[in-house]
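Colleague: Got a structure for you, written out below as structure tokens; questions coming shortly.
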Amino acid sequence: MSASAASPGLLRDLTSICGGDHVIEDALKLRRYAIDDVVPRAAVSPGTPAEVAAVLKFAHHHDVVVVPAGGFTHQGTGAIPDAVDILLRTDRLTAVEHYDPGDLTIGIGAGATLAEVERIIAPNRQLLPLDAPLPESCTVGGALAVAAHGPLKHAYGGVRDFCTGIRYVTVDGKLAKAGARVVKNVAGYDMMKLLIGSFGTLAVITGASFKVYPAPRQTRTFIASFAGLPEVVRFRDQVLASPLSPMCLELVSPHAHRLLAGDSNQDDDSWRVLLRAAGSDAVLARYRTELATWRLPPSAAAAREVSGEVETQLWRHVGNWPHAVFEAARNSALVRLDLPLQAVEPALAAAEQAATDNDFLFAAVGRIGAGSLLLAFLPITPDPPAAMHYANAVSALRGALPRDASAIVLRCPLEAKRHFSVWGSTPNDLGAMRAIRDAFDERHILNRGRFLF
């Protein structure tokens, strides 16, 4: 912790910026915001982007470490922080900056949750396809910072594809913006896409604009079961080569579906693919016909169909699966993979072998048609494996990936973090990221020690 953070002046200056009601200094209250057992010296909730700028300007001047925080759904990612002098919470930055249903655009503060955005646009039968886990807690700014996504990525792409503009504050306290309010090409360097996925190491996002989409009037989900991964991949390839355009095409491995809340068939060892379709009665009938006439492997079960509240709950559980993993097994490790489609099958096979070799069970869910997967290494017994086993499993997985793939450890036990880098996938990636971070934040004021070490 810096000397400046230990002085009484820290709390006095934060209070003068944001008001006493929005600064937490009580040690007991601050423990709920601990990151890997590192308790913040103070927590502050600025009410405007100008107040965010004032906090960062103060921190930059006094060499005080700042950790931006939204709904705390991804604060487990990264190394153990060197210090958390100021936890900068965005929970008061929730204003709707603009919303034009006819233009299909919305701008909103970074502290608004994804569920709040949904409540604003749902009356106009519109959706924001940023279906990250725990939408009641996950904030707009947090989802952008970690480039979060959910099953809808298959049809709508990642958040970089429908975020049209970002408002942010630089580490030295300057208000800035990138992109635009509406969907159009913007000349110059694309700062918006750089900040998305930067994990709070380059700037603090204070607001964003998005393109929204018409919500489907009806959907159905078809669940196909397979005996093994090769059959799943063949089915995926059939879907991608067909005239069908599903909203979601989601892989669920055998151990993964046992962790899905409400799954009534916990003993089923099959691999599953969940295909969610939207459209008119005629369109949905086309899906039924296509799936019924395809030459599925002999071991594949006929696709069953769900709709209504059962379907809604199913996709809610799939979206929240990463958190269900840790509720069921606190000593698990969760890895996010982004890779080319042809690398999906060998990567999953390598992950399963790495799990077996290091005393883990393996589970996976993900956008199998988009190359975005979530892998879990689950302890076989209540006692966790040795800490080095986590690093060995991740290292073996990364060694099997092509150079254009990435593997980021989103969460793992505290002790395991001491044994491996939890960021990036190759040395080249890390070198480029460090160079960009140093250009934006030479003193490492933001999230010091957590990423890019």
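Ordering of the structure tokens sets the chain letters (A, B, ...); residue numbers start at 1 within each chain; ligands are numbered from 1 in the order shown.
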Per DSSP on the backbone, what are the alpha helix (DSSP H) residues of range 16-141 of chain A, as number ranges by chain?
Modeller: A: 16-18, 27-30, 49-62, 114-121, 140-141
Colleague: Tell me, as an NGL selection string, which residues lie within 9 Å of Glu311 in chain A, counting only C-alpha atoms; anything in the same chain fewer than 6 positions away does not count.
Modeller: :A and (219-221 or 305)
Colleague: I need the residues in range 103-252 of chain A that are strand (DSSP E or B) according to DSSP; give them as a PyMOL selection string.
Modeller: chain A and resi 105-109+113+126-127+139+163-170+175-179+203-211+213-214+219-226+248-252
Colleague: In Å, how far is it from CA of Pro382 in chain A to CA of Gln353 in chain A?
Modeller: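 Pair CA of Pro382 in chain A / CA of Gln353 in chain A returns 20.9 Å.
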Colleague: What's around Leu291 in chain A at 10 Å? Count only C-alpha atoms, leave out sequence neighbours fewer than 5 positions away in its own chain, and write the answer as a list in words.
Modeller: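 Answer for this query is Phe222, Ala224, Phe235, Gln238, Val239, Ala285, Arg286, Leu296, Ala302 and Ala303 of chain A.
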Colleague: Can those selected residues be exported to a file as a PDB file, in the first residue's frame so that it contains N, CA and C atoms?
Modeller:
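Saved to selection_25.pdb:
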```
ATOM      1  N   PHE A 222     -34.143 -26.864 -29.225  1.00  0.00           N
ATOM      2  CA  PHE A 222     -34.034 -28.280 -29.559  1.00  0.00           C
ATOM      3  C   PHE A 222     -32.771 -28.823 -28.895  1.00  0.00           C
ATOM      4  N   ALA A 224     -30.250 -31.882 -28.563  1.00  0.00           N
ATOM      5  CA  ALA A 224     -29.752 -33.114 -29.162  1.00  0.00           C
ATOM      6  C   ALA A 224     -28.677 -33.711 -28.267  1.00  0.00           C
ATOM      7  N   PHE A 235     -22.323 -32.692 -35.913  1.00  0.00           N
ATOM      8  CA  PHE A 235     -23.640 -32.058 -35.867  1.00  0.00           C
ATOM      9  C   PHE A 235     -23.509 -30.541 -36.017  1.00  0.00           C
ATOM     10  N   GLN A 238     -22.954 -29.664 -39.567  1.00  0.00           N
ATOM     11  CA  GLN A 238     -24.195 -29.766 -40.339  1.00  0.00           C
ATOM     12  C   GLN A 238     -25.050 -28.512 -40.170  1.00  0.00           C
ATOM     13  N   VAL A 239     -25.155 -28.044 -38.936  1.00  0.00           N
ATOM     14  CA  VAL A 239     -25.953 -26.842 -38.678  1.00  0.00           C
ATOM     15  C   VAL A 239     -25.372 -25.645 -39.421  1.00  0.00           C
ATOM     16  N   ALA A 285     -41.210 -24.803 -37.867  1.00  0.00           N
ATOM     17  CA  ALA A 285     -41.505 -26.098 -38.484  1.00  0.00           C
ATOM     18  C   ALA A 285     -40.357 -26.539 -39.385  1.00  0.00           C
ATOM     19  N   ARG A 286     -39.686 -25.585 -40.028  1.00  0.00           N
ATOM     20  CA  ARG A 286     -38.533 -25.916 -40.876  1.00  0.00           C
ATOM     21  C   ARG A 286     -37.404 -26.507 -40.021  1.00  0.00           C
ATOM     22  N   LEU A 296     -28.240 -38.271 -38.342  1.00  0.00           N
ATOM     23  CA  LEU A 296     -27.494 -38.183 -37.104  1.00  0.00           C
ATOM     24  C   LEU A 296     -26.818 -39.516 -36.813  1.00  0.00           C
ATOM     25  N   ALA A 302     -32.959 -38.625 -30.478  1.00  0.00           N
ATOM     26  CA  ALA A 302     -33.770 -37.654 -31.214  1.00  0.00           C
ATOM     27  C   ALA A 302     -33.851 -36.356 -30.428  1.00  0.00           C
ATOM     28  N   ALA A 303     -33.753 -35.243 -31.164  1.00  0.00           N
ATOM     29  CA  ALA A 303     -33.772 -33.949 -30.504  1.00  0.00           C
ATOM     30  C   ALA A 303     -35.135 -33.717 -29.853  1.00  0.00           C
TER      31      ALA A 303
END
```
Colleague: Can you list, as a list in words, every protein, DNA or RNA residue that comes within 9 Å of range 98-101 of chain A when you count only C-alpha atoms, leaving out same-chain residues fewer than 6 positions away?
Modeller: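 So the residues in contact are Gly107, Ile108, Ile120, Ile121, Asn124, Gln126, Arg181, Ser209 and Val212 of chain A.
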Colleague: Export N, CA and C atoms of the chosen residues as a JSON list (two decimals), in the first residue's frame?
Modeller:
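The resulting file, part_30.json, is reproduced below:
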```json
[["chain", "number", "residue", "atom", "x", "y", "z"],
["A", 107, "GLY", "N", -28.05, 4.60, -24.92],
["A", 107, "GLY", "CA", -26.84, 4.97, -24.21],
["A", 107, "GLY", "C", -27.12, 5.01, -22.72],
["A", 108, "ILE", "N", -26.24, 4.43, -21.91],
["A", 108, "ILE", "CA", -26.54, 4.30, -20.49],
["A", 108, "ILE", "C", -25.25, 4.30, -19.70],
["A", 120, "ILE", "N", -35.65, -1.61, -19.44],
["A", 120, "ILE", "CA", -35.92, -0.37, -20.17],
["A", 120, "ILE", "C", -36.38, -0.65, -21.59],
["A", 121, "ILE", "N", -35.76, -1.60, -22.24],
["A", 121, "ILE", "CA", -36.03, -1.81, -23.67],
["A", 121, "ILE", "C", -37.08, -2.89, -23.94],
["A", 124, "ASN", "N", -40.59, -2.27, -25.52],
["A", 124, "ASN", "CA", -40.59, -2.03, -26.96],
["A", 124, "ASN", "C", -40.19, -3.28, -27.75],
["A", 126, "GLN", "N", -37.58, -5.17, -27.60],
["A", 126, "GLN", "CA", -36.21, -5.09, -28.07],
["A", 126, "GLN", "C", -35.29, -5.81, -27.09],
["A", 181, "ARG", "N", -22.78, 7.71, -31.02],
["A", 181, "ARG", "CA", -24.10, 7.37, -30.47],
["A", 181, "ARG", "C", -24.85, 6.42, -31.38],
["A", 209, "SER", "N", -22.85, 3.31, -25.48],
["A", 209, "SER", "CA", -24.00, 3.27, -26.38],
["A", 209, "SER", "C", -24.01, 1.94, -27.12],
["A", 212, "VAL", "N", -29.44, -1.96, -30.33],
["A", 212, "VAL", "CA", -30.33, -3.00, -29.81],
["A", 212, "VAL", "C", -31.07, -3.63, -30.98]]
```
Colleague: Give me the residues near Ile166 in chain A as a count of residues only, where near means some atom within 12 Å (using only C-alpha atoms) and where sequence neighbours in that chain fewer than 4 positions away do not count.
Modeller: 36
Colleague: So that I can see what lies close to range 411-414 of chain A, please list as number ranges by chain the residues with an atom at most 12 Å from it, counting only C-alpha atoms and leaving out residues fewer than 3 positions away in the same chain.
Modeller: A: 35-38, 73-81, 322-323, 325-326, 329-336, 374-379, 384-391, 393-394, 408, 417-423
Colleague: Could you tell me how far CA of Val232 in chain A lies from CA of Ala147 in chain A, in Å and to one decimal?
Modeller: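 Separation between CA of Val232 in chain A and CA of Ala147 in chain A: 26.6 Å.
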Colleague: When distances are computed from only C-alpha atoms, which of A:His149, A:Glu118, A:Glu51, A:Leu339 shows the smallest separation from Asp161 in chain A?
Modeller: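 Looking only at the distances to Asp161 in chain A, the closest residue turns out to be A:His149.
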Colleague: Between A:Leu128, A:Leu401, A:Val171, A:Leu348, which residue has the minimum interatomic distance to His61 in chain A, considering only C-alpha atoms?
Modeller: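 Smallest distance to His61 in chain A is found for A:Val171.
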Colleague: Compare A:Asp26, A:Glu250, A:Asp172, A:Asp237 by their minimum atom-to-atom distance to Val273 in chain A, counting only C-alpha atoms, and give me the closest one.
Modeller: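 Answer, going by the shortest atom-to-atom distance: A:Glu250.
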Colleague: Taking 3 positions as the minimum chain separation for residues in the same chain, which residues sit within 7 Å of range 254-260 of chain A when counting only C-alpha atoms? Answer as a PDB file with C-alpha atoms, in the first residue's frame.
Modeller:
```
ATOM      1  CA  ASP A 263     -31.477 -30.751 -14.743  1.00  0.00           C
ATOM      2  CA  GLN A 266     -28.052 -36.037 -13.562  1.00  0.00           C
ATOM      3  CA  ASP A 269     -23.314 -39.242 -19.665  1.00  0.00           C
ATOM      4  CA  SER A 270     -24.175 -37.757 -23.044  1.00  0.00           C
ATOM      5  CA  TRP A 271     -22.831 -34.623 -24.692  1.00  0.00           C
ATOM      6  CA  HIS A 317     -29.121 -21.656 -16.091  1.00  0.00           C
ATOM      7  CA  VAL A 318     -26.813 -22.049 -19.090  1.00  0.00           C
ATOM      8  CA  TRP A 321     -23.261 -21.845 -15.445  1.00  0.00           C
ATOM      9  CA  ALA A 324     -22.968 -22.583 -10.637  1.00  0.00           C
ATOM     10  CA  VAL A 325     -19.541 -24.232 -10.956  1.00  0.00           C
ATOM     11  CA  PHE A 362     -13.522 -31.786 -16.909  1.00  0.00           C
ATOM     12  CA  ALA A 363     -16.622 -29.815 -17.864  1.00  0.00           C
ATOM     13  CA  ALA A 364     -17.396 -27.415 -20.695  1.00  0.00           C
ATOM     14  CA  VAL A 365     -20.148 -25.194 -22.023  1.00  0.00           C
TER      15      VAL A 365
END
```
Colleague: From the set A:Asn320, A:Val409, A:Asp357, A:Gly449, which residue has the shortest atom-to-atom contact distance to Ala396 in chain A, counting only C-alpha atoms?
Modeller: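 Ranked by minimum distance to Ala396 in chain A, first place goes to A:Asp357.
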Colleague: Can you work out the spacing between CA of Ala277 in chain A and CA of Ser245 in chain A in Å, to one decimal?
Modeller: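 For CA of Ala277 in chain A relative to CA of Ser245 in chain A, the distance reads 7.5 Å.
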